[in-house]
Amino acid sequence: MQAQTEAGPEKSGISEQSPTPPRPAVDPPADRLVEVAAGREVTAEVHGAVLGETPVLEIDRFNLWYGTKQALHRITMPIPHGKVTALVGPSGCGKSTLLRSVNRLNDLVASVRITGDMRLNGDSIYDPRMDVIELRKRMGMVFQKPNPFPMSIYENVVYSLRIDGENCRAVLDEVCEASLRGAALWDEVKDRLHESALGLSGGQQQRLCIARAIAAEPEVLLLDEPCSALDPIATGKVEDLIQELRGRYSVLIVTHNMQQASRTSDYTAFMYLGRLIEYGPTTDIFTKPILKETEAYVTGRFG
Ligand SMILES: Nc1ncnc2c1ncn2[C@@H]1O[C@H](COP(=O)(O)OP(=O)(O)OP(=O)(O)O)[C@@H](O)[C@H]1O
Ligand SMILES: [Mg+2]
């Protein structure tokens with residue numbers, strides 16, 4: 001099918017107040033990415049299986065601008081409870097922006113403006129009455145580079161309990177062990193819990209950061225390329241851990257590594273230039289996606 005060539009309302013000089021209805025989605029979706037690159041709206045292909053899941057997080061018509069540049073375009077997607085969901089797409093497509101919007105880290109960027117909403121277990125994340133500190137306590141976030149605090153392994157893990165005023169040794173000990181076991185790190189560190197976390201290897205530090213996040217019992221765990229600073233062996237261990245988290249935690253992970261997405265996630269969402277393009281069960285996205293554009297991306301033909 002030919003790509004649409006008409007100018008959009010923004011190009012024809014018609015103001016935003018114009019009654020002109022939004023441009024219809026292109027269907028069938030030949031050259032959907034060309035349409036996106038031309039600034040036209042396209043409808044995301046969201047597989048039925050995604051919609052059948054109970055969501056932990058609902059992203060609802062979410063738009064985000066950095067100054068005048070729009071980085072996210074009307075993203076609507078549920079994130080299933082108790083599953084691992086991977087966000088993939090070329091560099092600059094908005095994966096980190098979307099992830100940071102979930103725990104309102106983008107509030108810290110002065111130029112950011114948003115419309116739409118997100119809900120965490122039904123609670124509006126962007127409700128002006130939302131207490132952002134409390135909101136962030138309900139989520140765990142792990143970044144590209146491991147960021148253990150300059151304190152002992154033990155104190156890193158129980159940090160969230162300490163700031164909530166928990167000082168009972170038995171409680172702290174129990175959470176420390178359970179979280180380190182949950183992060184597949186216990187056996188490696190159980191004899192050195194009171195040594196500095198900075199003495200751990202990069203891969204151990206990243207699993208420690210995941211243990212620290214788990215200790216706070218987050219409703220959702222946000223991971224932004226958690227293996228990109230790790231060597232292949234450490235990456236393998238963190239990937240094994242993410243697979244073990246399946247079913248026990250709701251995880252939203254950004255990765256540009258297709259093998260990692262296919263190995264570790266239940267669902268995969270493909271983003272392009274700030275839009276959600278296709279979102280479905282990982283096996284379908286990798287073996288029989290609806291869109292040829294998705295297939296081209298996941299098989300490494302562009303990006
Ligand atoms: N603080 C910021 N101020 C202005 N523009 C930003 C800011 N952060 C990100 N952007 C822009 O928003 C777009 C999306 O960036 P983002 O970092 O979310 O992409 P990404 O998909 O995570 O990319 P990568 O795979 O390279 O990490 C890019 O065009 C980027 O330049
Ligand atoms: Mg990023």
# chains A, B, ... in the order shown; residues from 1 in each chain; ligands from 1
>>> residues_near_ligand(ligand="ligand 1", cutoff="6 Å", atoms="only C-alpha atoms and all ligand atoms", output="PyMOL selection string")
chain A and resi 66+71+90-97
>>> residues_around(residues="Glu225 (chain A)", least_positions_apart="4", cutoff="10 Å", atoms="only C-alpha atoms", output="list in words")
Leu87, Lys95, Ser96, Val142, Phe143, Gln144, Lys145, Ala229, Ile253, Val254, Thr255, His256, Asn257 and Gln260 of chain A
>>> write_last_selection(atoms="N, CA, C and O atoms", output="mmCIF file, in the first residue's frame")
data_model
loop_
_atom_site.group_PDB
_atom_site.id
_atom_site.type_symbol
_atom_site.label_atom_id
_atom_site.label_comp_id
_atom_site.auth_asym_id
_atom_site.auth_seq_id
_atom_site.Cartn_x
_atom_site.Cartn_y
_atom_site.Cartn_z
ATOM 1 N N LEU A 87 10.315 -3.493 26.991
ATOM 2 C CA LEU A 87 10.142 -2.380 26.046
ATOM 3 C C LEU A 87 11.345 -2.383 25.139
ATOM 4 O O LEU A 87 12.484 -2.277 25.622
ATOM 5 N N LYS A 95 11.950 4.858 25.259
ATOM 6 C CA LYS A 95 11.800 3.782 26.248
ATOM 7 C C LYS A 95 12.089 4.282 27.662
ATOM 8 O O LYS A 95 11.306 4.063 28.587
ATOM 9 N N SER A 96 13.251 4.941 27.828
ATOM 10 C CA SER A 96 13.618 5.423 29.170
ATOM 11 C C SER A 96 12.655 6.518 29.621
ATOM 12 O O SER A 96 12.299 6.588 30.800
ATOM 13 N N VAL A 142 15.785 0.159 38.873
ATOM 14 C CA VAL A 142 17.197 -0.223 38.726
ATOM 15 C C VAL A 142 17.688 0.366 37.399
ATOM 16 O O VAL A 142 17.025 0.218 36.367
ATOM 17 N N PHE A 143 18.830 1.036 37.468
ATOM 18 C CA PHE A 143 19.332 1.774 36.305
ATOM 19 C C PHE A 143 20.407 0.988 35.564
ATOM 20 O O PHE A 143 20.828 -0.082 36.011
ATOM 21 N N GLN A 144 20.876 1.585 34.451
ATOM 22 C CA GLN A 144 21.906 0.943 33.628
ATOM 23 C C GLN A 144 23.151 0.590 34.424
ATOM 24 O O GLN A 144 23.658 -0.511 34.362
ATOM 25 N N LYS A 145 23.641 1.592 35.171
ATOM 26 C CA LYS A 145 24.875 1.399 35.934
ATOM 27 C C LYS A 145 24.502 1.039 37.354
ATOM 28 O O LYS A 145 23.689 1.736 37.963
ATOM 29 N N ALA A 229 25.862 -2.451 31.394
ATOM 30 C CA ALA A 229 27.222 -2.166 31.862
ATOM 31 C C ALA A 229 27.920 -3.435 32.353
ATOM 32 O O ALA A 229 28.974 -3.359 32.974
ATOM 33 N N ILE A 253 10.857 -3.903 31.874
ATOM 34 C CA ILE A 253 12.290 -3.813 31.588
ATOM 35 C C ILE A 253 12.536 -3.214 30.214
ATOM 36 O O ILE A 253 11.923 -3.615 29.229
ATOM 37 N N VAL A 254 13.427 -2.228 30.171
ATOM 38 C CA VAL A 254 13.867 -1.658 28.902
ATOM 39 C C VAL A 254 15.117 -2.397 28.469
ATOM 40 O O VAL A 254 16.035 -2.594 29.268
ATOM 41 N N THR A 255 15.138 -2.815 27.224
ATOM 42 C CA THR A 255 16.359 -3.442 26.716
ATOM 43 C C THR A 255 16.484 -3.165 25.228
ATOM 44 O O THR A 255 15.482 -3.021 24.531
ATOM 45 N N HIS A 256 17.732 -3.042 24.753
ATOM 46 C CA HIS A 256 17.891 -2.961 23.295
ATOM 47 C C HIS A 256 18.449 -4.277 22.778
ATOM 48 O O HIS A 256 18.765 -4.417 21.615
ATOM 49 N N ASN A 257 18.535 -5.246 23.692
ATOM 50 C CA ASN A 257 19.074 -6.554 23.336
ATOM 51 C C ASN A 257 17.901 -7.511 23.069
ATOM 52 O O ASN A 257 17.178 -7.903 23.978
ATOM 53 N N GLN A 260 17.886 -10.776 24.891
ATOM 54 C CA GLN A 260 17.511 -10.617 26.295
ATOM 55 C C GLN A 260 15.996 -10.489 26.440
ATOM 56 O O GLN A 260 15.400 -11.109 27.309
#
>>> atom_distance(atom1="CA of Gln243 (chain A)", atom2="CA of Asp266 (chain A)")
9.4 Å
>>> residues_around(residues="Ile242 (chain A)", least_positions_apart="5", cutoff="9 Å", atoms="only C-alpha atoms", output="VMD selection string")
chain A and resid 84 183 237 251 264 to 265
>>> residues_around(residues="Ile290 (chain A)", least_positions_apart="6", cutoff="10 Å", atoms="only C-alpha atoms", output="list in words")
Pro29, Glu45, Val46, His47, Glu278, Tyr279, Gly280 and Asp284 of chain A
>>> closest_residue(among="A:Ile114, A:Leu72, A:Ala197, A:Leu98", to="ligand 2", atoms="only C-alpha atoms and all ligand atoms")
A:Leu98
>>> atom_distance(atom1="CA of Pro78 (chain A)", atom2="CA of Val238 (chain A)")
25.0 Å
>>> residues_around(residues="Phe302 (chain A)", least_positions_apart="6", cutoff="10 Å", atoms="only C-alpha atoms", output="ChimeraX atom specification")
/A:89-90,293-296
>>> write_last_selection(atoms="C-alpha atoms", output="JSON list (two decimals), in the first residue's frame")
[["chain", "number", "residue", "atom", "x", "y", "z"],
["A", 89, "GLY", "CA", 12.90, -0.08, 20.05],
["A", 90, "PRO", "CA", 15.67, 1.94, 18.41],
["A", 293, "GLU", "CA", 7.91, -3.62, 10.65],
["A", 294, "THR", "CA", 8.08, -5.41, 14.00],
["A", 295, "GLU", "CA", 9.59, -8.45, 12.33],
["A", 296, "ALA", "CA", 12.19, -6.27, 10.62]]
>>> atom_distance(atom1="CA of Leu245 (chain A)", atom2="CA of Gly82 (chain A)")
8.6 Å
>>> closest_residue(among="A:Val42, A:Val88, A:Met141, A:Val158", to="ligand 2", atoms="only C-alpha atoms and all ligand atoms")
A:Val88
>>> residues_around(residues="Gln205 (chain A)", least_positions_apart="6", cutoff="10 Å", atoms="only C-alpha atoms", output="PyMOL selection string")
chain A and resi 145-149+153+185+197-199+211+234
>>> write_last_selection(atoms="C-alpha atoms", output="tab-separated table (two decimals), in the first residue's frame")
chain	number	residue	atom	x	y	z
A	145	LYS	CA	24.87	1.40	35.93
A	146	PRO	CA	24.75	-0.38	39.31
A	147	ASN	CA	24.44	2.25	42.04
A	148	PRO	CA	25.01	0.57	45.41
A	149	PHE	CA	25.14	3.02	48.30
A	153	ILE	CA	25.81	-5.08	51.69
A	185	LEU	CA	22.96	-13.37	45.52
A	197	ALA	CA	28.91	-3.15	48.81
A	198	LEU	CA	31.46	-1.29	46.70
A	199	GLY	CA	33.74	-4.35	46.92
A	211	ALA	CA	17.69	-7.10	46.10
A	234	ALA	CA	27.24	-11.17	34.87
>>> select_by_dssp(residues="region 145-268 of chain A", states="alpha helix (DSSP H)", output="number ranges by chain")
A: 153-157, 159-163, 169-182, 186-189, 202-215, 232-245, 258-264
>>> closest_residue(among="A:Gly116, A:Pro218, A:Gly274, A:Gly303", to="Arg61 (chain A)", atoms="only C-alpha atoms")
A:Gly116
>>> closest_residue(among="A:Leu57, A:Val112, A:Ala44, A:Ala178", to="Met139 (chain A)", atoms="only C-alpha atoms")
A:Leu57
>>> closest_residue(among="A:Ala213, A:Leu223, A:Leu135, A:Met258", to="ligand 2", atoms="only C-alpha atoms and all ligand atoms")
A:Leu223
>>> closest_residue(among="A:Ile125, A:Ile59, A:Met77, A:Val50", to="Asp107 (chain A)", atoms="only C-alpha atoms")
A:Ile125
>>> select_by_dssp(residues="region 17-95 of chain A", states="strand (DSSP E or B)", output="PyMOL selection string")
chain A and resi 45-46+55-66+69-80+84-88
